[in-house]
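Participant: As input, take work37.pdb (PDB, C-alpha atoms and all ligand atoms):
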ATOM      1  CA  MET H   1      -4.106  -6.441  19.303
ATOM      2  CA  ARG H   2      -3.108  -3.061  20.587
ATOM      3  CA  ALA H   3      -5.377  -1.984  23.383
ATOM      4  CA  GLU H   4      -5.762   1.615  22.353
ATOM      5  CA  LYS H   5      -5.754   3.220  18.975
ATOM      6  CA  LYS H   6      -3.103   5.741  18.125
ATOM      7  CA  TRP H   7      -3.574   8.912  16.129
ATOM      8  CA  TYR H   8      -2.102   7.253  13.082
ATOM      9  CA  ASP H   9      -4.771   4.571  13.088
ATOM     10  CA  TYR H  10      -7.140   7.199  11.780
ATOM     11  CA  LEU H  11      -5.150   8.194   8.718
ATOM     12  CA  TRP H  12      -7.658   6.314   6.575
ATOM     13  CA  ILE H  13      -9.840   9.400   7.021
ATOM     14  CA  ALA H  14      -7.189  11.494   5.298
ATOM     15  CA  SER H  15      -6.993   9.000   2.443
ATOM     16  CA  ALA H  16     -10.744   9.006   1.962
ATOM     17  CA  ALA H  17     -10.850  12.812   2.193
ATOM     18  CA  TYR H  18      -8.132  13.060  -0.433
ATOM     19  CA  LEU H  19     -10.160  11.083  -2.959
ATOM     20  CA  ILE H  20     -13.277  13.117  -2.236
ATOM     21  CA  LEU H  21     -11.526  16.500  -2.425
ATOM     22  CA  GLY H  22     -10.324  15.643  -5.909
ATOM     23  CA  PHE H  23     -13.940  15.717  -7.033
ATOM     24  CA  PHE H  24     -14.266  19.315  -5.904
ATOM     25  CA  ASN H  25     -10.949  20.881  -6.656
ATOM     26  CA  ILE H  26      -8.329  18.996  -8.565
ATOM     27  CA  MET H  27      -5.496  21.070  -7.106
ATOM     28  CA  PHE H  28      -5.831  19.074  -3.871
ATOM     29  CA  ALA H  29      -4.249  16.223  -5.836
ATOM     30  CA  TRP H  30      -0.876  17.807  -5.088
ATOM     31  CA  LEU H  31      -1.253  16.651  -1.487
ATOM     32  CA  GLY H  32      -0.856  13.107  -2.762
ATOM     33  CA  LEU H  33       2.844  13.751  -3.101
ATOM     34  CA  LEU H  34       2.991  13.172   0.642
ATOM     35  CA  CYS H  35       2.127   9.503   0.036
ATOM     36  CA  PHE H  36       5.098   9.380  -2.263
ATOM     37  CA  PHE H  37       7.760  11.174  -0.338
ATOM     38  CA  ILE H  38       6.991  10.128   3.229
ATOM     39  CA  PRO H  39       7.358   6.361   2.603
ATOM     40  CA  LEU H  40      10.503   6.933   0.569
ATOM     41  CA  LEU H  41      12.101   9.196   3.156
ATOM     42  CA  ILE H  42      11.270   6.776   5.969
ATOM     43  CA  SER H  43      12.785   3.852   4.105
ATOM     44  CA  VAL H  44      15.856   5.771   2.950
ATOM     45  CA  PHE H  45      16.663   7.354   6.293
ATOM     46  CA  LYS H  46      15.303   4.902   8.794
ATOM     47  CA  GLY H  47      15.627   1.716   6.762
ATOM     48  CA  ASN H  48      12.190   0.391   7.628
ATOM     49  CA  LYS H  49       8.674   0.170   6.277
ATOM     50  CA  GLY H  50       7.233   2.389   8.982
ATOM     51  CA  TYR H  51       4.929   3.973   6.455
ATOM     52  CA  CYS H  52       3.247   0.715   5.458
ATOM     53  CA  ASN H  53       3.388  -0.670   8.957
ATOM     54  CA  ARG H  54       1.884   2.358  10.652
ATOM     55  CA  TYR H  55       0.831   5.394   8.715
ATOM     56  CA  CYS H  56      -0.554   4.339   5.370
ATOM     57  CA  GLY H  57      -4.173   5.461   5.280
ATOM     58  CA  ARG H  58      -4.891   3.663   2.063
ATOM     59  CA  GLY H  59      -3.988   0.291   3.571
ATOM     60  CA  GLN H  60      -6.181   1.128   6.569
ATOM     61  CA  LEU H  61      -9.053   2.048   4.283
ATOM     62  CA  PHE H  62      -8.856  -1.325   2.548
ATOM     63  CA  SER H  63      -8.657  -3.132   5.919
ATOM     64  CA  LEU H  64     -11.731  -1.296   7.057
ATOM     65  CA  LEU H  65     -13.824  -1.773   3.924
ATOM     66  CA  GLY H  66     -12.746  -5.360   3.426
ATOM     67  CA  GLY H  67     -12.742  -6.286   7.093
ATOM     68  CA  ARG H  68     -15.298  -4.389   9.170
ATOM     69  CA  PHE H  69     -17.587  -3.722   6.216
ATOM     70  CA  GLY H  70     -17.188  -7.240   4.854
ATOM     71  CA  LEU H  71     -16.565  -6.219   1.259
ATOM     72  CA  SER H  72     -13.775  -8.727   0.758
ATOM     73  CA  GLY H  73     -14.022 -12.299  -0.440
ATOM     74  CA  LYS H  74     -11.072 -13.137   1.859
ATOM     75  CA  ARG H  75      -9.622 -15.590  -0.610
ATOM     76  CA  ASP H  76      -5.964 -16.276  -1.210
ATOM     77  CA  ILE H  77      -4.312 -14.112  -3.808
ATOM     78  CA  PRO H  78      -3.099 -16.136  -6.828
ATOM     79  CA  GLY H  79       0.538 -17.157  -6.717
ATOM     80  CA  TRP H  80       1.591 -15.120  -9.733
ATOM     81  CA  MET H  81       0.406 -11.901  -8.140
ATOM     82  CA  LYS H  82       2.828 -12.275  -5.275
ATOM     83  CA  SER H  83       5.710 -13.417  -7.439
ATOM     84  CA  ARG H  84       8.697 -11.127  -7.758
ATOM     85  CA  TRP H  85       8.154 -10.937 -11.484
ATOM     86  CA  PHE H  86       4.755  -9.471 -11.110
ATOM     87  CA  ARG H  87       5.577  -7.182  -8.194
ATOM     88  CA  TYR H  88       8.686  -5.692  -9.762
ATOM     89  CA  GLY H  89       7.104  -5.722 -13.205
ATOM     90  CA  PHE H  90       4.190  -3.710 -11.908
ATOM     91  CA  LEU H  91       6.589  -1.318 -10.198
ATOM     92  CA  ILE H  92       8.402  -0.712 -13.485
ATOM     93  CA  PHE H  93       5.150  -0.327 -15.405
ATOM     94  CA  PHE H  94       3.950   2.130 -12.791
ATOM     95  CA  PHE H  95       7.131   4.163 -13.119
ATOM     96  CA  VAL H  96       6.927   4.270 -16.892
ATOM     97  CA  MET H  97       3.361   5.530 -16.687
ATOM     98  CA  PHE H  98       4.398   8.010 -14.035
ATOM     99  CA  PHE H  99       7.129   9.466 -16.202
ATOM    100  CA  GLN H 100       4.730   9.630 -19.094
ATOM    101  CA  MET H 101       2.460  11.699 -16.855
ATOM    102  CA  LEU H 102       5.385  13.982 -15.955
ATOM    103  CA  TRP H 103       6.134  14.366 -19.646
ATOM    104  CA  THR H 104       2.549  15.418 -20.374
ATOM    105  CA  THR H 105       2.852  17.920 -17.541
ATOM    106  CA  TRP H 106       6.082  19.247 -18.983
ATOM    107  CA  LEU H 107       4.496  19.746 -22.391
ATOM    108  CA  VAL H 108       1.847  21.946 -20.819
ATOM    109  CA  PHE H 109       4.483  23.903 -18.886
ATOM    110  CA  ALA H 110       6.444  24.381 -22.070
ATOM    111  CA  GLY H 111       3.355  25.580 -23.893
ATOM    112  CA  ALA H 112       3.568  22.742 -26.392
ATOM    113  CA  SER H 113       0.173  21.317 -25.521
ATOM    114  CA  ASP H 114      -3.031  22.453 -23.902
ATOM    115  CA  LEU H 115      -4.297  21.555 -20.487
ATOM    116  CA  SER H 116      -6.430  18.436 -20.586
ATOM    117  CA  GLN H 117      -9.112  18.624 -17.917
ATOM    118  CA  THR H 118      -9.559  14.893 -17.689
ATOM    119  CA  VAL H 119      -8.767  12.067 -15.322
ATOM    120  CA  LYS H 120      -7.325   8.991 -16.968
ATOM    121  CA  LEU H 121      -8.523   5.765 -15.413
ATOM    122  CA  LEU H 122      -6.510   2.567 -15.634
ATOM    123  CA  TRP H 123      -4.122   4.363 -17.990
ATOM    124  CA  THR H 124      -6.680   4.185 -20.768
ATOM    125  CA  VAL H 125     -10.130   5.701 -20.195
ATOM    126  CA  ARG H 126     -10.307   9.487 -20.133
ATOM    127  CA  LEU H 127     -13.063  10.869 -17.961
ATOM    128  CA  PRO H 128     -14.088  14.513 -18.237
ATOM    129  CA  TRP H 129     -13.250  16.204 -14.959
ATOM    130  CA  ASN H 130     -13.614  19.865 -15.792
ATOM    131  CA  TRP H 131     -16.040  20.523 -12.923
ATOM    132  CA  ALA H 132     -13.155  20.188 -10.487
ATOM    133  CA  TYR H 133     -11.030  22.794 -12.185
ATOM    134  CA  HIS H 134     -11.386  26.378 -11.090
ATOM    135  CA  GLY H 135      -8.272  27.866 -12.605
ATOM    136  CA  THR H 136      -4.846  28.140 -11.077
ATOM    137  CA  LEU H 137      -2.754  31.002  -9.800
ATOM    138  CA  ILE H 138       0.466  29.348 -10.832
ATOM    139  CA  HIS H 139       0.565  27.830 -14.283
ATOM    140  CA  GLU H 140      -1.667  25.475 -16.220
ATOM    141  CA  GLY H 141       1.139  22.930 -15.988
ATOM    142  CA  ALA H 142       0.547  22.743 -12.232
ATOM    143  CA  ALA H 143      -3.059  21.853 -12.960
ATOM    144  CA  GLN H 144      -1.983  19.254 -15.515
ATOM    145  CA  PHE H 145       0.167  17.615 -12.879
ATOM    146  CA  ALA H 146      -2.808  17.608 -10.501
ATOM    147  CA  PHE H 147      -5.009  15.866 -13.068
ATOM    148  CA  GLY H 148      -2.262  13.369 -13.797
ATOM    149  CA  PHE H 149      -1.474  12.649 -10.186
ATOM    150  CA  TYR H 150      -5.105  12.269  -9.259
ATOM    151  CA  SER H 151      -5.440   9.800 -12.138
ATOM    152  CA  VAL H 152      -2.642   7.722 -10.622
ATOM    153  CA  MET H 153      -4.248   7.789  -7.189
ATOM    154  CA  LEU H 154      -7.735   6.971  -8.444
ATOM    155  CA  THR H 155      -6.485   4.198 -10.701
ATOM    156  CA  SER H 156      -4.569   2.550  -7.899
ATOM    157  CA  THR H 157      -7.547   2.869  -5.579
ATOM    158  CA  ILE H 158      -9.755   1.131  -8.128
ATOM    159  CA  LEU H 159      -7.251  -1.690  -8.611
ATOM    160  CA  GLY H 160      -6.980  -1.976  -4.847
ATOM    161  CA  LEU H 161     -10.749  -2.161  -4.452
ATOM    162  CA  VAL H 162     -11.047  -4.839  -7.120
ATOM    163  CA  THR H 163      -8.395  -7.034  -5.521
ATOM    164  CA  MET H 164      -9.903  -6.300  -2.102
ATOM    165  CA  VAL H 165     -13.228  -7.723  -3.272
ATOM    166  CA  LEU H 166     -11.649 -10.694  -5.039
ATOM    167  CA  PHE H 167      -8.993 -11.593  -2.513
ATOM    168  CA  LYS H 168      -8.060 -10.344   0.954
ATOM    169  CA  PRO H 169      -8.776  -6.794   2.155
ATOM    170  CA  ARG H 170      -5.239  -5.509   1.739
ATOM    171  CA  SER H 171      -4.322  -7.449  -1.415
ATOM    172  CA  TRP H 172      -3.245  -4.149  -2.933
ATOM    173  CA  CYS H 173      -0.318  -4.137  -0.492
ATOM    174  CA  VAL H 174       1.083  -7.217  -2.220
ATOM    175  CA  TYR H 175       1.716  -5.348  -5.471
ATOM    176  CA  CYS H 176       1.544  -1.705  -4.336
ATOM    177  CA  PRO H 177       4.468   0.050  -6.053
ATOM    178  CA  MET H 178       5.249   2.106  -2.955
ATOM    179  CA  GLY H 179       5.278  -1.021  -0.824
ATOM    180  CA  THR H 180       7.518  -2.873  -3.264
ATOM    181  CA  MET H 181       9.847   0.092  -3.642
ATOM    182  CA  THR H 182      10.224   0.730   0.083
ATOM    183  CA  GLN H 183      10.880  -2.966   0.693
ATOM    184  CA  LEU H 184      13.516  -2.867  -2.043
ATOM    185  CA  ILE H 185      15.168   0.197  -0.499
ATOM    186  CA  CYS H 186      15.200  -1.523   2.895
ATOM    187  CA  ARG H 187      16.752  -4.635   1.342
ATOM    188  CA  VAL H 188      19.536  -2.633  -0.282
ATOM    189  CA  LYS H 189      20.101  -0.351   2.651
ATOM    190  CA  ASN H 190      20.207  -3.073   5.287
ATOM    191  CA  LYS H 191      22.543  -5.181   3.228
ATOM    192  CA  GLU H 192      25.115  -2.408   3.141
ATOM    193  CA  LYS H 193      25.645  -2.509   6.866
TER
ATOM    194  CA  MET S   1      -1.662 -36.516  37.648
ATOM    195  CA  GLU S   2      -0.222 -36.899  34.232
ATOM    196  CA  PRO S   3       0.826 -33.652  32.639
ATOM    197  CA  ILE S   4      -1.416 -32.665  29.775
ATOM    198  CA  ARG S   5       0.547 -33.126  26.591
ATOM    199  CA  ARG S   6      -0.924 -31.577  23.550
ATOM    200  CA  LYS S   7       0.341 -30.283  20.316
ATOM    201  CA  ARG S   8       0.788 -26.555  20.179
ATOM    202  CA  LYS S   9       0.390 -24.411  17.141
ATOM    203  CA  LYS S  10       2.794 -21.761  15.952
ATOM    204  CA  ALA S  11       2.961 -19.340  13.056
ATOM    205  CA  TYR S  12       5.603 -19.706  10.353
ATOM    206  CA  VAL S  13       6.259 -17.034   7.732
ATOM    207  CA  GLU S  14       7.410 -17.922   4.258
ATOM    208  CA  GLU S  15       9.945 -15.125   4.486
ATOM    209  CA  LYS S  16      10.962 -14.902   0.854
ATOM    210  CA  ALA S  17       7.429 -14.171  -0.259
ATOM    211  CA  CYS S  18       6.574 -11.735   2.546
ATOM    212  CA  VAL S  19       5.916  -8.178   1.372
ATOM    213  CA  ALA S  20       6.528  -6.634   4.811
ATOM    214  CA  CYS S  21       3.203  -4.833   4.848
ATOM    215  CA  GLY S  22       2.748  -5.386   8.561
ATOM    216  CA  CYS S  23      -0.890  -6.499   8.480
ATOM    217  CA  CYS S  24       0.078  -9.458  10.654
ATOM    218  CA  VAL S  25       1.659  -7.192  13.262
ATOM    219  CA  LYS S  26      -1.535  -5.211  13.622
ATOM    220  CA  VAL S  27      -3.722  -8.189  14.495
ATOM    221  CA  CYS S  28      -1.425 -10.295  16.680
ATOM    222  CA  PRO S  29      -2.855 -10.374  20.216
ATOM    223  CA  THR S  30       0.483 -11.166  21.825
ATOM    224  CA  ALA S  31       2.731  -8.856  19.809
ATOM    225  CA  ALA S  32       4.664 -11.895  18.607
ATOM    226  CA  VAL S  33       5.251 -10.623  15.070
ATOM    227  CA  SER S  34       7.450  -7.771  13.985
ATOM    228  CA  ILE S  35       8.735  -6.512  10.676
ATOM    229  CA  TRP S  36      12.439  -7.138  10.506
ATOM    230  CA  LYS S  37      14.309  -4.248   8.874
ATOM    231  CA  GLY S  38      11.448  -3.481   6.526
ATOM    232  CA  ILE S  39      12.144  -6.718   4.691
ATOM    233  CA  MET S  40      10.044  -9.487   6.189
ATOM    234  CA  ALA S  41       7.875 -10.499   9.122
ATOM    235  CA  LYS S  42       9.479 -12.567  11.876
ATOM    236  CA  VAL S  43       7.568 -14.462  14.527
ATOM    237  CA  ASP S  44       8.822 -14.720  18.068
ATOM    238  CA  ARG S  45       7.589 -18.261  18.620
ATOM    239  CA  SER S  46       7.989 -18.084  22.373
ATOM    240  CA  ARG S  47       5.185 -15.502  22.378
ATOM    241  CA  CYS S  48       3.063 -16.916  19.573
ATOM    242  CA  VAL S  49      -0.060 -18.706  20.780
ATOM    243  CA  GLY S  50      -1.002 -20.085  17.374
ATOM    244  CA  CYS S  51      -4.306 -18.258  17.153
ATOM    245  CA  GLY S  52      -4.000 -17.893  13.390
ATOM    246  CA  LYS S  53      -5.143 -14.283  13.242
ATOM    247  CA  CYS S  54      -2.037 -13.222  11.359
ATOM    248  CA  ALA S  55      -2.475 -15.986   8.785
ATOM    249  CA  ALA S  56      -6.066 -14.971   8.142
ATOM    250  CA  GLU S  57      -5.081 -11.336   7.700
ATOM    251  CA  CYS S  58      -1.932 -11.745   5.597
ATOM    252  CA  PRO S  59      -2.813 -10.409   2.127
ATOM    253  CA  ALA S  60      -0.129 -12.548   0.519
ATOM    254  CA  SER S  61      -1.182 -15.639   2.505
ATOM    255  CA  VAL S  62       2.393 -16.471   3.365
ATOM    256  CA  ILE S  63       1.842 -17.444   7.000
ATOM    257  CA  ALA S  64       1.214 -21.061   7.875
ATOM    258  CA  ILE S  65       0.090 -22.325  11.271
ATOM    259  CA  ARG S  66       1.883 -25.547  12.059
ATOM    260  CA  GLU S  67       1.665 -27.948  14.933
ATOM    261  CA  VAL S  68       4.794 -28.334  16.971
ATOM    262  CA  GLU S  69       5.631 -30.873  19.652
ATOM    263  CA  GLY S  70       5.859 -29.654  23.188
TER
HETATM  264  S1  LIG V   1       1.916  -1.493   0.541
HETATM  265 FE1  LIG V   1       1.129   0.430  -0.302
HETATM  266  S2  LIG V   1      -1.027   0.532   0.319
HETATM  267 FE2  LIG V   1      -0.047  -1.068   1.525
HETATM  268  S3  LIG V   1       0.546  -0.066   3.410
HETATM  269 FE3  LIG V   1       2.309   0.070   2.037
HETATM  270  S4  LIG V   1       2.128   1.987   0.925
HETATM  271 FE4  LIG V   1       0.149   1.540   1.891
HETATM  272  S1  LIG V   2       0.906  -9.822   6.639
HETATM  273 FE1  LIG V   2       1.955 -11.391   5.431
HETATM  274  S2  LIG V   2       3.015 -10.292   3.801
HETATM  275 FE2  LIG V   2       2.418  -8.777   5.357
HETATM  276  S3  LIG V   2       4.211  -8.622   6.683
HETATM  277 FE3  LIG V   2       2.889 -10.151   7.604
HETATM  278  S4  LIG V   2       3.615 -12.091   6.753
HETATM  279 FE4  LIG V   2       4.471 -10.496   5.476
HETATM  280  S1  LIG V   3      -0.660 -17.112  15.311
HETATM  281 FE1  LIG V   3      -1.621 -15.543  16.646
HETATM  282  S2  LIG V   3      -0.127 -15.277  18.302
HETATM  283 FE2  LIG V   3       0.957 -16.334  16.655
HETATM  284  S3  LIG V   3       1.938 -14.716  15.527
HETATM  285 FE3  LIG V   3      -0.032 -15.124  14.535
HETATM  286  S4  LIG V   3      -1.448 -13.670  15.452
HETATM  287 FE4  LIG V   3       0.349 -13.735  16.779
END
Would you give me this structure, written as structure tokens?
Facilitator:
Amino acid sequence: MRAEKKWYDYLWIASAAYLILGFFNIMFAWLGLLCFFIPLLISVFKGNKGYCNRYCGRGQLFSLLGGRFGLSGKRDIPGWMKSRWFRYGFLIFFFVMFFQMLWTTWLVFAGASDLSQTVKLLWTVRLPWNWAYHGTLIHEGAAQFAFGFYSVMLTSTILGLVTMVLFKPRSWCVYCPMGTMTQLICRVKNKEK
Amino acid sequence: MEPIRRKRKKAYVEEKACVACGCCVKVCPTAAVSIWKGIMAKVDRSRCVGCGKCAAECPASVIAIREVEG
């Protein structure tokens, strides 16, 4: 084990803060784009999973809750969940849902539909979330994106917590779309050379 | 005196199933594991002491601790 902790070992605080801020002002959800672009840029330009291996606050949060706080059953994850079928299947599903969210955002930007002040959990249940909306200086579409993006982040956190309790603390990392995608990019990129 | 001969334990990664999350790297006391090119974990078995920490931590449970002669 590393003797001293580095600054990036505390990024779990940022991840926790992100989820909490979304309860107060949904526009903070935009910050979540960092968890999308940073891992991708690292894998595309550096050809490694530096994000997962070092900086990912979400992974750290699960380690902490499941490890130190003992909220994990620490059982083996079922075989099918670590199969390529499931991992890549989940990645594709995640992308489809993501593009659907972008489409909803576009409709609001285009004035074809109204802003929905809700957070959609597990791609199905709509929760009212209007208390976290205080208007926007830009366009209602920007707020729609925030609601949509926060839904993605909250949904994945819930899935991660469930698999943390059932299996090992960081079970989410087995099927995390960002983890799968960055590994795929590294595979492709390092094969080229 | 006869040299003490006992079986040593070492970590083996099922590389194809590894998701390269790096959880094993974080807990290894001897820095024997590293993530190779963002693709899979590799164990430097000359440094591995067979403590099993990585296997316990691995969310995909793809690390096995095996006994080796020597
Ligand atoms: S697999 Fe996902 S949750 Fe796990 S460390 Fe990587 S980006 Fe973070
Ligand atoms: S913890 Fe397991 S899945 Fe993650 S990099 Fe190490 S061996 Fe691979
Ligand atoms: S068994 Fe122990 S020493 Fe060997 S790689 Fe795993 S954590 Fe490191």
Participant: If we count all atoms listed in the file, what is near region 89-101 of chain H at a cut-off of 8 Å, once residues fewer than 5 positions away on the same chain are taken out, given as an MDAnalysis selection string?
Facilitator: chainID H and resid 84 123 145 148:149 152 175:177 180:181
Participant: What residues in chain S have any atom no more than 9 Å from chain H when counting all atoms listed in the file, and can you write them as a PyMOL selection string?
Facilitator: chain S and resi 17-23+25-31+35-40+56-61
Participant: Emit as JSON the padded axis-aligned box for all listed atoms of region 74-91 of chain H, 5 Å per side, with centre and edge lengths in Å to one decimal.
Facilitator:
{"center_x": -1.2, "center_y": -9.2, "center_z": -5.7, "size_x": 29.8, "size_y": 25.8, "size_z": 25.1}
Participant: Given the file shown, enumerate the residues that the PyMOL selection byres (((not hetatm)) within 7 of (chain V and resi 3)) captures and present them as a VMD selection string.
Facilitator: chain S and resid 10 to 11 24 27 to 33 43 47 to 55 65
Participant: To one decimal place, how far is CA of Tyr133 (chain H) from CA of Ile26 (chain H) in Å?
Facilitator: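 Computing it gives 5.9 Å between the two atoms.
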Participant: How far is it from CA of Trp131 (chain H) to CA of Phe147 (chain H), in Å with one decimal?
Facilitator: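 So the answer is 12.0 Å.
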Participant: One decimal, Å: what's the distance from CA of Pro39 (chain H) over to CA of Leu166 (chain H), could you say?
Facilitator: 26.7 Å
Participant: Just give me the residues with any atom within 12 Å of (-3.6, 19.9, -4.1), file coordinates, counting all atoms listed in the file, written as a ChimeraX atom specification.
Facilitator: /H:17-34,132-133,136,142-150
Participant: Of the candidates H:Ser116, H:Ser156, H:Asn130, H:Ser151, which shows the shortest atom-to-atom distance to ligand LIG 1 (chain V), using all atoms listed in the file?
Facilitator: H:Ser156
Participant: Could you check which of H:Val165, H:Glu4, H:Tyr55, H:Asp9 is closest to ligand LIG 1 (chain V), using all atoms listed in the file?
Facilitator: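 Ranking H:Val165, H:Glu4, H:Tyr55, H:Asp9 by distance to ligand LIG 1 (chain V), first place goes to H:Tyr55.
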Participant: Calculated over only C-alpha atoms and all ligand atoms, which of the candidates S:Arg8, S:Ser46, S:Ile63, S:Lys16 has the smallest distance to ligand LIG 2 (chain V)?
Facilitator: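 Of S:Arg8, S:Ser46, S:Ile63, S:Lys16, the one nearest ligand LIG 2 (chain V), counting only C-alpha atoms and all ligand atoms, is S:Ile63.
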Participant: Written as an MDAnalysis selection string, what is the full residue list that the PyMOL selection byres (((chain H and resi 10) around 10) and not hetatm) yields on the file shown?
Facilitator: chainID H and resid 5:9 11:15 55:57 60:61
Participant: Which is closer to ligand LIG 2 (chain V) than all the others in S:Arg66, S:Tyr12, S:Ala41, S:Ser34, using only C-alpha atoms and all ligand atoms?
Facilitator: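 Answer, going by the shortest atom-to-atom distance: S:Ala41.
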Participant: Generate N, CA and C atoms for region 84-102 of chain H and emit them as a PDB file, keeping the file's coordinate frame.
Facilitator:
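Output file selection.pdb is given in full below:
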ATOM      1  N   ARG H  84       7.836 -12.296  -7.562  1.00  0.00           N
ATOM      2  CA  ARG H  84       8.697 -11.127  -7.758  1.00  0.00           C
ATOM      3  C   ARG H  84       8.526 -10.538  -9.137  1.00  0.00           C
ATOM      4  N   TRP H  85       8.333 -11.413 -10.109  1.00  0.00           N
ATOM      5  CA  TRP H  85       8.154 -10.937 -11.484  1.00  0.00           C
ATOM      6  C   TRP H  85       7.032  -9.943 -11.567  1.00  0.00           C
ATOM      7  N   PHE H  86       5.911 -10.349 -11.013  1.00  0.00           N
ATOM      8  CA  PHE H  86       4.755  -9.471 -11.110  1.00  0.00           C
ATOM      9  C   PHE H  86       4.950  -8.203 -10.283  1.00  0.00           C
ATOM     10  N   ARG H  87       5.450  -8.348  -9.071  1.00  0.00           N
ATOM     11  CA  ARG H  87       5.577  -7.182  -8.194  1.00  0.00           C
ATOM     12  C   ARG H  87       6.550  -6.165  -8.771  1.00  0.00           C
ATOM     13  N   TYR H  88       7.712  -6.643  -9.209  1.00  0.00           N
ATOM     14  CA  TYR H  88       8.686  -5.692  -9.762  1.00  0.00           C
ATOM     15  C   TYR H  88       8.269  -5.226 -11.147  1.00  0.00           C
ATOM     16  N   GLY H  89       7.613  -6.100 -11.890  1.00  0.00           N
ATOM     17  CA  GLY H  89       7.104  -5.722 -13.205  1.00  0.00           C
ATOM     18  C   GLY H  89       6.089  -4.599 -13.079  1.00  0.00           C
ATOM     19  N   PHE H  90       5.210  -4.734 -12.109  1.00  0.00           N
ATOM     20  CA  PHE H  90       4.190  -3.710 -11.908  1.00  0.00           C
ATOM     21  C   PHE H  90       4.830  -2.393 -11.461  1.00  0.00           C
ATOM     22  N   LEU H  91       5.868  -2.518 -10.645  1.00  0.00           N
ATOM     23  CA  LEU H  91       6.589  -1.318 -10.198  1.00  0.00           C
ATOM     24  C   LEU H  91       7.181  -0.578 -11.397  1.00  0.00           C
ATOM     25  N   ILE H  92       7.791  -1.331 -12.302  1.00  0.00           N
ATOM     26  CA  ILE H  92       8.402  -0.712 -13.485  1.00  0.00           C
ATOM     27  C   ILE H  92       7.327  -0.092 -14.377  1.00  0.00           C
ATOM     28  N   PHE H  93       6.258  -0.844 -14.598  1.00  0.00           N
ATOM     29  CA  PHE H  93       5.150  -0.327 -15.405  1.00  0.00           C
ATOM     30  C   PHE H  93       4.619   0.976 -14.811  1.00  0.00           C
ATOM     31  N   PHE H  94       4.465   0.966 -13.493  1.00  0.00           N
ATOM     32  CA  PHE H  94       3.950   2.130 -12.791  1.00  0.00           C
ATOM     33  C   PHE H  94       4.861   3.335 -12.994  1.00  0.00           C
ATOM     34  N   PHE H  95       6.158   3.085 -12.922  1.00  0.00           N
ATOM     35  CA  PHE H  95       7.131   4.163 -13.119  1.00  0.00           C
ATOM     36  C   PHE H  95       7.086   4.722 -14.529  1.00  0.00           C
ATOM     37  N   VAL H  96       6.983   3.826 -15.498  1.00  0.00           N
ATOM     38  CA  VAL H  96       6.927   4.270 -16.892  1.00  0.00           C
ATOM     39  C   VAL H  96       5.713   5.173 -17.082  1.00  0.00           C
ATOM     40  N   MET H  97       4.569   4.732 -16.544  1.00  0.00           N
ATOM     41  CA  MET H  97       3.361   5.530 -16.687  1.00  0.00           C
ATOM     42  C   MET H  97       3.493   6.848 -15.934  1.00  0.00           C
ATOM     43  N   PHE H  98       4.205   6.801 -14.824  1.00  0.00           N
ATOM     44  CA  PHE H  98       4.398   8.010 -14.035  1.00  0.00           C
ATOM     45  C   PHE H  98       5.237   9.028 -14.803  1.00  0.00           C
ATOM     46  N   PHE H  99       6.275   8.548 -15.438  1.00  0.00           N
ATOM     47  CA  PHE H  99       7.129   9.466 -16.202  1.00  0.00           C
ATOM     48  C   PHE H  99       6.403   9.991 -17.432  1.00  0.00           C
ATOM     49  N   GLN H 100       5.530   9.158 -17.974  1.00  0.00           N
ATOM     50  CA  GLN H 100       4.730   9.630 -19.094  1.00  0.00           C
ATOM     51  C   GLN H 100       3.832  10.790 -18.638  1.00  0.00           C
ATOM     52  N   MET H 101       3.312  10.646 -17.413  1.00  0.00           N
ATOM     53  CA  MET H 101       2.460  11.699 -16.855  1.00  0.00           C
ATOM     54  C   MET H 101       3.289  12.976 -16.650  1.00  0.00           C
ATOM     55  N   LEU H 102       4.524  12.811 -16.157  1.00  0.00           N
ATOM     56  CA  LEU H 102       5.385  13.982 -15.955  1.00  0.00           C
ATOM     57  C   LEU H 102       5.698  14.661 -17.290  1.00  0.00           C
TER      58      LEU H 102
END
